[in-house]
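K.L.:
Got a file for you: my_file16.cif, mmCIF, C-alpha atoms and all ligand atoms.
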data_my_file
#
loop_
_atom_site.label_atom_id
_atom_site.label_comp_id
_atom_site.auth_asym_id
_atom_site.auth_seq_id
_atom_site.Cartn_x
_atom_site.Cartn_y
_atom_site.Cartn_z
CA MET Y 317 -112.29 -144.56 -161.45
CA ILE Y 318 -114.11 -141.87 -163.49
CA SER Y 319 -115.78 -143.20 -166.60
CA LYS Y 320 -114.97 -141.68 -169.97
CA THR Y 321 -118.48 -140.25 -170.06
CA PHE Y 322 -117.81 -137.96 -167.08
CA ALA Y 323 -114.10 -137.41 -167.58
CA ASN Y 324 -114.35 -134.61 -170.16
CA GLN Y 325 -113.86 -131.05 -168.97
CA GLU Y 326 -117.13 -129.61 -170.26
CA SER Y 327 -118.56 -127.32 -167.60
CA ALA Y 328 -122.18 -127.26 -166.44
CA ALA Y 329 -122.49 -123.85 -168.13
CA GLN Y 330 -121.37 -125.36 -171.44
CA ARG Y 331 -123.87 -128.19 -171.10
CA VAL Y 332 -126.67 -125.72 -170.34
CA ALA Y 333 -125.64 -123.72 -173.44
CA THR Y 334 -125.77 -126.92 -175.51
CA GLY Y 335 -129.25 -127.64 -174.17
CA LEU Y 336 -130.43 -124.11 -174.99
CA MET Y 337 -129.08 -124.47 -178.53
CA LYS Y 338 -131.05 -127.70 -178.98
CA ILE Y 339 -134.21 -125.91 -177.85
CA GLY Y 340 -133.33 -123.05 -180.22
CA LEU Y 341 -133.09 -125.51 -183.13
CA ALA Y 342 -136.50 -126.94 -182.30
CA VAL Y 343 -138.00 -123.44 -182.13
CA LYS Y 344 -136.40 -122.43 -185.43
CA SER Y 345 -137.62 -125.56 -187.20
CA ARG Y 346 -141.15 -125.18 -185.82
CA ASN Y 347 -141.17 -121.46 -186.66
CA TRP Y 348 -140.38 -122.17 -190.33
CA SER Y 349 -142.97 -124.92 -190.68
CA GLU Y 350 -145.76 -123.06 -188.82
CA ALA Y 351 -145.20 -119.74 -190.59
CA GLY Y 352 -144.79 -121.48 -193.97
CA SER Y 353 -148.06 -123.37 -193.56
CA ARG Y 354 -149.81 -119.98 -193.33
CA GLY Y 355 -148.01 -118.46 -196.30
CA LEU Y 356 -145.72 -116.31 -194.13
CA THR Y 357 -141.99 -116.13 -193.58
CA PRO Y 358 -140.78 -116.52 -189.96
CA THR Y 359 -139.95 -112.79 -189.89
CA GLN Y 360 -143.45 -111.85 -191.06
CA ALA Y 361 -144.93 -114.12 -188.37
CA GLN Y 362 -142.71 -112.50 -185.74
CA ILE Y 363 -143.81 -109.03 -186.82
CA LEU Y 364 -147.48 -109.99 -186.44
CA SER Y 365 -146.79 -111.43 -182.97
CA PHE Y 366 -144.83 -108.34 -182.02
CA LEU Y 367 -147.61 -105.97 -183.10
CA LYS Y 368 -150.19 -108.10 -181.28
CA GLY Y 369 -148.28 -107.68 -178.03
CA ARG Y 370 -147.91 -103.92 -178.37
CA LEU Y 371 -149.92 -101.50 -176.32
CA LYS Y 372 -152.36 -100.07 -178.92
CA ALA Y 373 -151.04 -102.76 -181.32
CA SER Y 374 -148.93 -100.36 -183.38
CA ALA Y 375 -145.25 -99.58 -183.86
CA SER Y 376 -142.92 -97.73 -186.21
CA LEU Y 377 -140.73 -99.57 -188.69
CA GLY Y 378 -137.67 -98.69 -186.61
CA GLU Y 379 -139.22 -100.12 -183.45
CA ILE Y 380 -140.02 -103.37 -185.27
CA ALA Y 381 -136.47 -103.66 -186.66
CA GLU Y 382 -134.95 -102.99 -183.24
CA ALA Y 383 -137.23 -105.38 -181.34
CA LEU Y 384 -136.65 -108.26 -183.75
CA ALA Y 385 -132.93 -107.50 -184.24
CA ILE Y 386 -133.31 -107.28 -188.02
CA THR Y 387 -132.09 -104.65 -190.47
CA ALA Y 388 -134.33 -101.79 -191.57
CA PRO Y 389 -134.47 -103.10 -195.21
CA THR Y 390 -135.50 -106.58 -193.99
CA ALA Y 391 -138.20 -105.06 -191.76
CA SER Y 392 -139.36 -102.84 -194.63
CA ASP Y 393 -139.62 -105.77 -197.09
CA SER Y 394 -141.52 -107.93 -194.60
CA VAL Y 395 -143.91 -105.13 -193.64
CA SER Y 396 -144.60 -104.33 -197.32
CA SER Y 397 -145.50 -107.95 -197.89
CA LEU Y 398 -147.79 -107.97 -194.84
CA VAL Y 399 -149.48 -104.77 -196.07
CA ASN Y 400 -150.03 -106.38 -199.48
CA LYS Y 401 -151.57 -109.43 -197.79
CA GLY Y 402 -153.95 -107.19 -195.87
CA PHE Y 403 -152.56 -108.06 -192.41
CA VAL Y 404 -150.87 -104.76 -191.60
CA THR Y 405 -152.16 -101.21 -192.01
CA LYS Y 406 -150.36 -97.87 -192.02
CA HIS Y 407 -151.50 -94.71 -190.28
CA ARG Y 408 -150.05 -91.41 -189.13
CA SER Y 409 -148.76 -91.18 -185.57
CA ALA Y 410 -151.07 -89.18 -183.30
CA ALA Y 411 -148.02 -87.76 -181.51
CA ASP Y 412 -146.06 -86.87 -184.65
CA GLY Y 413 -148.05 -86.50 -187.86
CA ARG Y 414 -144.92 -87.05 -189.98
CA SER Y 415 -144.28 -90.53 -188.57
CA VAL Y 416 -145.90 -93.60 -190.08
CA MET Y 417 -147.13 -96.21 -187.62
CA LEU Y 418 -147.94 -99.81 -188.45
CA GLY Y 419 -150.87 -101.69 -186.98
CA LEU Y 420 -152.87 -104.87 -187.43
CA SER Y 421 -155.98 -105.12 -189.57
CA ASP Y 422 -158.79 -107.41 -188.34
CA ALA Y 423 -157.39 -110.20 -190.54
CA GLY Y 424 -153.91 -109.43 -189.17
CA ARG Y 425 -155.16 -109.76 -185.60
CA ARG Y 426 -156.66 -113.16 -186.37
CA MET Y 427 -153.47 -114.32 -188.09
CA ALA Y 428 -151.34 -112.94 -185.22
CA ARG Y 429 -153.33 -115.04 -182.75
CA GLN Y 430 -152.75 -118.14 -184.87
CA VAL Y 431 -149.01 -117.62 -185.31
CA SER Y 432 -148.62 -116.84 -181.59
CA ASP Y 433 -150.25 -120.15 -180.64
CA TRP Y 434 -147.55 -122.31 -182.20
CA THR Y 435 -145.40 -121.98 -179.06
CA ASP Y 436 -147.88 -124.33 -177.32
CA PHE Y 437 -145.54 -127.23 -178.12
CA LEU Y 438 -142.92 -125.60 -175.89
CA VAL Y 439 -145.44 -124.87 -173.13
CA SER Y 440 -146.44 -128.54 -172.98
CA ALA Y 441 -142.75 -129.53 -172.74
CA VAL Y 442 -142.13 -127.05 -169.92
CA ASP Y 443 -145.19 -128.46 -168.14
CA VAL Y 444 -143.20 -131.61 -167.29
CA LEU Y 445 -141.27 -129.47 -164.76
CA ASP Y 446 -142.82 -129.16 -161.32
CA PRO Y 447 -143.77 -125.62 -160.16
CA ASN Y 448 -140.53 -125.08 -158.24
CA GLU Y 449 -138.46 -126.25 -161.22
CA GLN Y 450 -140.42 -123.95 -163.55
CA GLN Y 451 -139.84 -121.01 -161.25
CA ALA Y 452 -136.10 -121.70 -160.94
CA PHE Y 453 -135.85 -122.13 -164.73
CA LEU Y 454 -137.72 -118.88 -165.34
CA LYS Y 455 -135.45 -116.98 -162.99
CA GLY Y 456 -132.39 -118.47 -164.70
CA LEU Y 457 -133.73 -117.48 -168.12
CA ILE Y 458 -134.35 -113.93 -166.91
CA LYS Y 459 -130.74 -113.69 -165.76
CA ILE Y 460 -129.37 -115.12 -169.03
CA ILE Y 461 -131.57 -112.95 -171.25
CA ARG Y 462 -130.89 -109.79 -169.26
CA THR Y 463 -127.13 -110.46 -169.38
CA LEU Y 464 -127.29 -110.92 -173.17
CA GLN Y 465 -129.29 -107.69 -173.47
CA MET Y 466 -126.75 -105.74 -171.43
CA ARG Y 467 -123.99 -107.10 -173.70
CA GLY Y 468 -125.92 -106.00 -176.77
CA GLU Y 469 -126.35 -109.56 -178.04
CA ILE Y 470 -130.17 -109.43 -178.16
CA PRO Y 471 -132.60 -106.51 -178.20
CA LEU Y 472 -134.31 -105.17 -175.09
CA SER Y 473 -137.78 -106.48 -174.46
CA ARG Y 474 -140.58 -105.37 -172.18
CA MET Y 475 -139.37 -107.37 -169.19
CA CYS Y 476 -140.12 -106.51 -165.58
CA ILE Y 477 -136.40 -106.17 -164.94
CA THR Y 478 -136.20 -103.10 -167.25
CA CYS Y 479 -139.56 -101.60 -166.25
CA ARG Y 480 -139.90 -98.42 -164.26
CA TYR Y 481 -142.76 -99.97 -162.28
CA PHE Y 482 -140.67 -102.92 -161.07
CA ARG Y 483 -139.45 -102.93 -157.47
CA PRO Y 484 -137.54 -106.19 -156.84
CA ASN Y 485 -137.22 -107.76 -153.40
CA GLU Y 486 -139.41 -105.12 -151.84
CA HIS Y 487 -141.37 -107.48 -149.58
CA GLU Y 488 -140.33 -109.84 -146.82
CA ASP Y 489 -142.63 -112.60 -148.03
CA ARG Y 490 -140.22 -114.72 -150.08
CA SER Y 491 -143.10 -116.12 -152.11
CA THR Y 492 -144.04 -112.68 -153.42
CA PRO Y 493 -140.97 -110.50 -152.90
CA HIS Y 494 -141.38 -108.12 -155.87
CA HIS Y 495 -143.77 -105.25 -156.40
CA CYS Y 496 -145.38 -103.85 -159.54
CA ASP Y 497 -146.20 -100.18 -159.06
CA PHE Y 498 -148.42 -100.18 -162.14
CA VAL Y 499 -151.01 -102.44 -160.52
CA ASP Y 500 -149.74 -101.86 -156.96
CA MET Y 501 -149.35 -105.58 -156.33
CA ALA Y 502 -146.76 -107.95 -154.86
CA PHE Y 503 -145.69 -110.90 -157.01
CA GLY Y 504 -143.18 -113.74 -157.13
CA ASP Y 505 -140.43 -114.81 -159.52
CA GLY Y 506 -142.88 -117.09 -161.31
CA ASN Y 507 -144.98 -114.12 -162.41
CA MET Y 508 -142.18 -112.04 -163.86
CA ARG Y 509 -142.87 -110.99 -167.46
CA PHE Y 510 -140.78 -111.14 -170.60
CA GLU Y 511 -143.36 -109.19 -172.62
CA CYS Y 512 -145.72 -106.94 -170.71
CA ALA Y 513 -148.14 -104.56 -172.44
CA ASP Y 514 -147.94 -102.19 -169.45
CA HIS Y 515 -144.13 -102.00 -169.47
CA GLU Y 516 -142.47 -98.59 -169.51
CA VAL Y 517 -138.72 -98.52 -169.79
CA ALA Y 518 -136.82 -97.35 -166.69
CA ASP Y 519 -133.89 -94.98 -166.99
CA ASP Y 520 -130.35 -96.43 -166.81
CA ASP Y 521 -129.90 -95.75 -163.10
CA MET Y 522 -133.22 -97.39 -162.23
CA GLN Y 523 -132.39 -100.40 -164.39
CA PHE Y 524 -129.00 -100.82 -162.77
CA ALA Y 525 -130.46 -100.52 -159.26
CA ALA Y 526 -133.26 -102.99 -160.02
CA TRP Y 527 -130.87 -105.51 -161.55
CA SER Y 528 -128.52 -105.32 -158.54
CA ARG Y 529 -131.36 -105.72 -156.10
CA PHE Y 530 -132.89 -108.58 -158.08
CA LEU Y 531 -129.59 -110.48 -157.97
CA GLU Y 532 -129.39 -110.03 -154.19
CA MET Y 533 -132.17 -112.56 -153.64
CA SER Y 534 -130.74 -115.83 -152.39
CA ALA Y 535 -130.61 -118.64 -154.92
CA GLY Y 536 -132.45 -121.92 -154.65
CA GLN Y 537 -135.41 -120.89 -152.52
CA GLN Y 538 -138.30 -123.29 -152.36
CA ILE Y 539 -141.48 -121.38 -153.10
CA ASN Y 540 -144.99 -122.48 -152.31
CA PRO Y 541 -146.64 -122.36 -155.75
CA GLU Y 542 -150.05 -121.83 -154.09
CA ASN Y 543 -148.73 -118.51 -152.88
CA GLN Y 544 -147.26 -117.25 -156.13
CA MET Y 545 -149.42 -114.17 -156.21
CA SER Y 546 -150.75 -112.07 -153.42
CA ASN Y 547 -153.81 -111.20 -155.46
CA LYS Y 548 -154.69 -113.94 -157.92
CA GLY Y 549 -156.41 -113.25 -161.21
CA GLU Y 550 -154.95 -109.80 -161.79
CA ASN Y 551 -151.93 -108.49 -163.62
CA PRO Y 552 -149.06 -109.25 -163.24
S1 LIG Y 601 -145.83 -106.56 -164.64
FE1 LIG Y 601 -145.54 -105.14 -166.39
S2 LIG Y 601 -145.94 -103.09 -165.52
FE2 LIG Y 601 -145.56 -104.48 -163.79
S3 LIG Y 601 -143.36 -104.33 -163.35
FE3 LIG Y 601 -143.60 -106.06 -164.78
S4 LIG Y 601 -143.35 -105.15 -166.82
FE4 LIG Y 601 -143.72 -103.45 -165.40
#
Output the file's structure in the form of structure tokens.

P.N.:
Amino acid sequence: MISKTFANQESAAQRVATGLMKIGLAVKSRNWSEAGSRGLTPTQAQILSFLKGRLKASASLGEIAEALAITAPTASDSVSSLVNKGFVTKHRSAADGRSVMLGLSDAGRRMARQVSDWTDFLVSAVDVLDPNEQQAFLKGLIKIIRTLQMRGEIPLSRMCITCRYFRPNEHEDRSTPHHCDFVDMAFGDGNMRFECADHEVADDDMQFAAWSRFLEMSAGQQINPENQMSNKGENP
């Protein structure tokens, strides 16, 4: 006889979604308290983190709004506040003198490092997973996030899966099946990036081909964590 606990019709996908929402609540709560303790709003803290992760640490207002999925007026208000606090500076784009680019001041860089560190509480929680579990979880997250991006639910980020240098399942070694053309190196699922400073967006055809090929890889492989990278200590 099936107990009442297991008799409901909730699918595994629904339970995973419930778990992700609980993690989301923890992140939101921590984000408010950490940013607030430094005199920032969560959006201001996210802007500092975003600029810190940018190649050359600068971006236009439109790029910030798009990356954080916020409106242009919200981005503008937050940036103005960060400029007034001395964390963000404005300068003319080298490529287009009419465009204003936003960057971090020295104080902004220090604050960006501090606000980026608050995710350590999540890292320590993920550390309870063994290496194979972490790798399977990471691959699952990549699939979920990429699916949400393709549906327009969340903004694109500088993930390997949308990068023109990414060649998935290129190698026979199942521990390091992918290849990064930027550094000319093989790497495994566990080294795939969500935010890479070297990322350059692939065109639509390349993205579609990479996504299809990435999904081809058989699920549930057991990977030797000692062999996660073919060339340890270098990017990716
Ligand atoms: S590691 Fe960076 S440069 Fe290499 S494929 Fe991934 S996103 Fe692109």

K.L.:
If we count all atoms listed in the file and set the cut-off at 10 Å, which residues sit around Ala513 in chain Y, ignoring sequence neighbours fewer than 3 positions away in its own chain? Please answer as a short mmCIF file (atom, residue, chain, number, x, y, z; two decimals) with C-alpha atoms, keeping the file's coordinate frame.

P.N.:
data_model
loop_
_atom_site.label_atom_id
_atom_site.label_comp_id
_atom_site.auth_asym_id
_atom_site.auth_seq_id
_atom_site.Cartn_x
_atom_site.Cartn_y
_atom_site.Cartn_z
CA LYS Y 368 -150.19 -108.10 -181.28
CA GLY Y 369 -148.28 -107.68 -178.03
CA ARG Y 370 -147.91 -103.92 -178.37
CA LEU Y 371 -149.92 -101.50 -176.32
CA LYS Y 372 -152.36 -100.07 -178.92
CA ALA Y 373 -151.04 -102.76 -181.32
CA ARG Y 474 -140.58 -105.37 -172.18
CA MET Y 475 -139.37 -107.37 -169.19
CA ARG Y 509 -142.87 -110.99 -167.46
CA GLU Y 516 -142.47 -98.59 -169.51
#

K.L.:
Could you state the separation of CA of Gly340 in chain Y and CA of Ile460 in chain Y in Å, given to one decimal place?

P.N.:
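Going from CA of Gly340 in chain Y over to CA of Ile460 in chain Y, I get 14.3 Å.
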
K.L.:
Which residues, written as a list in words, have at least one atom at most 10 Å from Pro471 in chain Y, with all atoms listed in the file counted and residues fewer than 6 positions away on the same chain left out?

P.N.:
Ala381, Glu382, Ala383, Leu384, Ala385, Ile386, Ile461, Arg462, Leu464 and Gln465 of chain Y

K.L.:
How far is it from CA of Thr390 in chain Y to CA of Ser353 in chain Y, in Å with one decimal?

P.N.:
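Going from CA of Thr390 in chain Y over to CA of Ser353 in chain Y, I get 21.0 Å.
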
K.L.:
Taking into account all atoms listed in the file, which residue in the set Y:Val517, Y:Leu367, Y:Ala333, Y:Val343 is nearest to Arg480 in chain Y?

P.N.:
Y:Val517

K.L.:
With only C-alpha atoms and all ligand atoms counted, collect every polymer residue having an atom within 9 Å of ligand LIG 601 (chain Y); state the result as a PyMOL selection string.

P.N.:
chain Y and resi 474-484+494-501+503+507-517+551-552

K.L.:
What would the file look like if the residues just selected were written as a compact mmCIF listing (two decimals), in the coordinates of the input with C-alpha atoms?

P.N.:
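Contents of out13.txt, freshly written:
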# COMPACT_ATOMS: atom_id res chain seq x y z
CA ARG Y 474 -140.58 -105.37 -172.18
CA MET Y 475 -139.37 -107.37 -169.19
CA CYS Y 476 -140.12 -106.51 -165.58
CA ILE Y 477 -136.40 -106.17 -164.94
CA THR Y 478 -136.20 -103.10 -167.25
CA CYS Y 479 -139.56 -101.60 -166.25
CA ARG Y 480 -139.90 -98.42 -164.26
CA TYR Y 481 -142.76 -99.97 -162.28
CA PHE Y 482 -140.67 -102.92 -161.07
CA ARG Y 483 -139.45 -102.93 -157.47
CA PRO Y 484 -137.54 -106.19 -156.84
CA HIS Y 494 -141.38 -108.12 -155.87
CA HIS Y 495 -143.77 -105.25 -156.40
CA CYS Y 496 -145.38 -103.85 -159.54
CA ASP Y 497 -146.20 -100.18 -159.06
CA PHE Y 498 -148.42 -100.18 -162.14
CA VAL Y 499 -151.01 -102.44 -160.52
CA ASP Y 500 -149.74 -101.86 -156.96
CA MET Y 501 -149.35 -105.58 -156.33
CA PHE Y 503 -145.69 -110.90 -157.01
CA ASN Y 507 -144.98 -114.12 -162.41
CA MET Y 508 -142.18 -112.04 -163.86
CA ARG Y 509 -142.87 -110.99 -167.46
CA PHE Y 510 -140.78 -111.14 -170.60
CA GLU Y 511 -143.36 -109.19 -172.62
CA CYS Y 512 -145.72 -106.94 -170.71
CA ALA Y 513 -148.14 -104.56 -172.44
CA ASP Y 514 -147.94 -102.19 -169.45
CA HIS Y 515 -144.13 -102.00 -169.47
CA GLU Y 516 -142.47 -98.59 -169.51
CA VAL Y 517 -138.72 -98.52 -169.79
CA ASN Y 551 -151.93 -108.49 -163.62
CA PRO Y 552 -149.06 -109.25 -163.24

K.L.:
Please provide as a VMD selection string all residues within 12 Å of Val332 in chain Y, with the sequence filter that same-chain residues fewer than 6 positions apart are discarded (counting all atoms listed in the file).

P.N.:
chain Y and resid 326 338 to 339 453 456 to 457 460

K.L.:
Store the residues picked out above in a file with C-alpha atoms, as a CSV table (one decimal), keeping the file's coordinate frame.

P.N.:
chain,number,residue,atom,x,y,z
Y,326,GLU,CA,-117.1,-129.6,-170.3
Y,338,LYS,CA,-131.0,-127.7,-179.0
Y,339,ILE,CA,-134.2,-125.9,-177.8
Y,453,PHE,CA,-135.8,-122.1,-164.7
Y,456,GLY,CA,-132.4,-118.5,-164.7
Y,457,LEU,CA,-133.7,-117.5,-168.1
Y,460,ILE,CA,-129.4,-115.1,-169.0

K.L.:
If you measure from CA of Met427 in chain Y to CA of Ile470 in chain Y, what distance in Å do you get, rounded to one decimal?

P.N.:
25.8 Å

K.L.:
Nearest to Arg425 in chain Y among Y:Asn400, Y:Ser365, Y:Gln360, Y:Ser394, with distances taken over only C-alpha atoms: which residue is it?

P.N.:
Y:Ser365

K.L.:
Using only C-alpha atoms for the distances, tell me which of Y:Leu472, Y:Val442, Y:Ala391, Y:Ala329 is nearest to Ile458 in chain Y.

P.N.:
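The answer is Y:Leu472, which sits nearest to Ile458 in chain Y.
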
K.L.:
Adding 4 Å on each side of the box along x, y and z that holds all listed atoms of range 424-430 of chain Y, could you give its centre and edge lengths in Å to one decimal, as lines of an AutoDock Vina configuration file?

P.N.:
center_x = -154.0
center_y = -113.8
center_z = -186.0
size_x = 13.3
size_y = 16.7
size_z = 14.4

K.L.:
Using only C-alpha atoms, what residues lie at most 6 Å away from (-147.1, -97.7, -191.2) (file coordinates), given as a PyMOL selection string?

P.N.:
chain Y and resi 406-407+416-418

K.L.:
Which is closer to Asp422 in chain Y than all the others in Y:Leu364, Y:Val439, Y:Ala525, Y:Asp520, using all atoms listed in the file?

P.N.:
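Selected residue with least distance to Asp422 in chain Y: Y:Leu364.
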
K.L.:
Save range 491-516 of chain Y of the structure in the block above to a file, with N, CA and C atoms included, as a CSV table (one decimal), in the first residue's frame.

P.N.:
chain,number,residue,atom,x,y,z
Y,491,SER,N,36.0,12.3,-20.0
Y,491,SER,CA,36.3,13.2,-18.9
Y,491,SER,C,36.4,14.6,-19.4
Y,492,THR,N,37.0,14.8,-20.5
Y,492,THR,CA,37.2,16.1,-21.1
Y,492,THR,C,36.7,16.2,-22.5
Y,493,PRO,N,35.4,16.1,-22.7
Y,493,PRO,CA,34.9,16.0,-24.1
Y,493,PRO,C,34.9,17.3,-24.9
Y,494,HIS,N,34.8,18.4,-24.2
Y,494,HIS,CA,34.6,19.7,-24.9
Y,494,HIS,C,36.0,20.4,-25.2
Y,495,HIS,N,35.9,21.4,-26.0
Y,495,HIS,CA,37.1,22.1,-26.4
Y,495,HIS,C,36.8,23.6,-26.4
Y,496,CYS,N,37.7,24.4,-25.8
Y,496,CYS,CA,37.7,25.8,-25.9
Y,496,CYS,C,38.7,26.3,-26.9
Y,497,ASP,N,38.3,26.9,-28.0
Y,497,ASP,CA,39.2,27.4,-29.0
Y,497,ASP,C,40.0,28.6,-28.5
Y,498,PHE,N,39.4,29.3,-27.5
Y,498,PHE,CA,40.1,30.5,-27.1
Y,498,PHE,C,41.5,30.2,-26.5
Y,499,VAL,N,41.5,29.1,-25.6
Y,499,VAL,CA,42.7,28.7,-25.0
Y,499,VAL,C,43.3,27.4,-25.6
Y,500,ASP,N,42.6,26.9,-26.6
Y,500,ASP,CA,42.9,25.6,-27.3
Y,500,ASP,C,43.1,24.5,-26.3
Y,501,MET,N,42.1,24.2,-25.5
Y,501,MET,CA,42.2,23.2,-24.4
Y,501,MET,C,40.9,22.4,-24.3
Y,502,ALA,N,41.1,21.1,-24.0
Y,502,ALA,CA,40.0,20.2,-23.8
Y,502,ALA,C,39.5,20.4,-22.3
Y,503,PHE,N,38.2,20.3,-22.1
Y,503,PHE,CA,37.7,20.4,-20.7
Y,503,PHE,C,36.4,19.6,-20.5
Y,504,GLY,N,36.1,19.4,-19.3
Y,504,GLY,CA,34.9,18.5,-18.9
Y,504,GLY,C,33.7,19.4,-18.5
Y,505,ASP,N,32.6,18.7,-18.3
Y,505,ASP,CA,31.4,19.4,-17.9
Y,505,ASP,C,31.6,20.2,-16.7
Y,506,GLY,N,32.4,19.7,-15.7
Y,506,GLY,CA,32.6,20.4,-14.5
Y,506,GLY,C,33.4,21.7,-14.6
Y,507,ASN,N,33.9,22.0,-15.8
Y,507,ASN,CA,34.6,23.3,-16.0
Y,507,ASN,C,33.9,24.2,-16.9
Y,508,MET,N,32.7,23.9,-17.2
Y,508,MET,CA,31.9,24.8,-18.0
Y,508,MET,C,31.5,26.1,-17.3
Y,509,ARG,N,31.6,27.2,-18.0
Y,509,ARG,CA,31.4,28.5,-17.3
Y,509,ARG,C,30.0,29.1,-17.5
Y,510,PHE,N,29.6,29.8,-16.4
Y,510,PHE,CA,28.3,30.6,-16.6
Y,510,PHE,C,28.7,32.0,-16.9
Y,511,GLU,N,29.8,32.5,-16.4
Y,511,GLU,CA,30.3,33.8,-16.7
Y,511,GLU,C,31.8,33.8,-17.0
Y,512,CYS,N,32.1,34.0,-18.2
Y,512,CYS,CA,33.5,33.9,-18.6
Y,512,CYS,C,33.9,35.2,-19.3
Y,513,ALA,N,35.0,35.8,-18.8
Y,513,ALA,CA,35.5,37.1,-19.3
Y,513,ALA,C,35.9,37.0,-20.7
Y,514,ASP,N,36.3,35.8,-21.2
Y,514,ASP,CA,36.8,35.6,-22.6
Y,514,ASP,C,35.7,35.3,-23.6
Y,515,HIS,N,34.4,35.2,-23.1
Y,515,HIS,CA,33.3,34.8,-23.9
Y,515,HIS,C,33.0,35.8,-25.0
Y,516,GLU,N,32.8,35.2,-26.2
Y,516,GLU,CA,32.3,36.0,-27.3
Y,516,GLU,C,31.1,35.3,-27.9
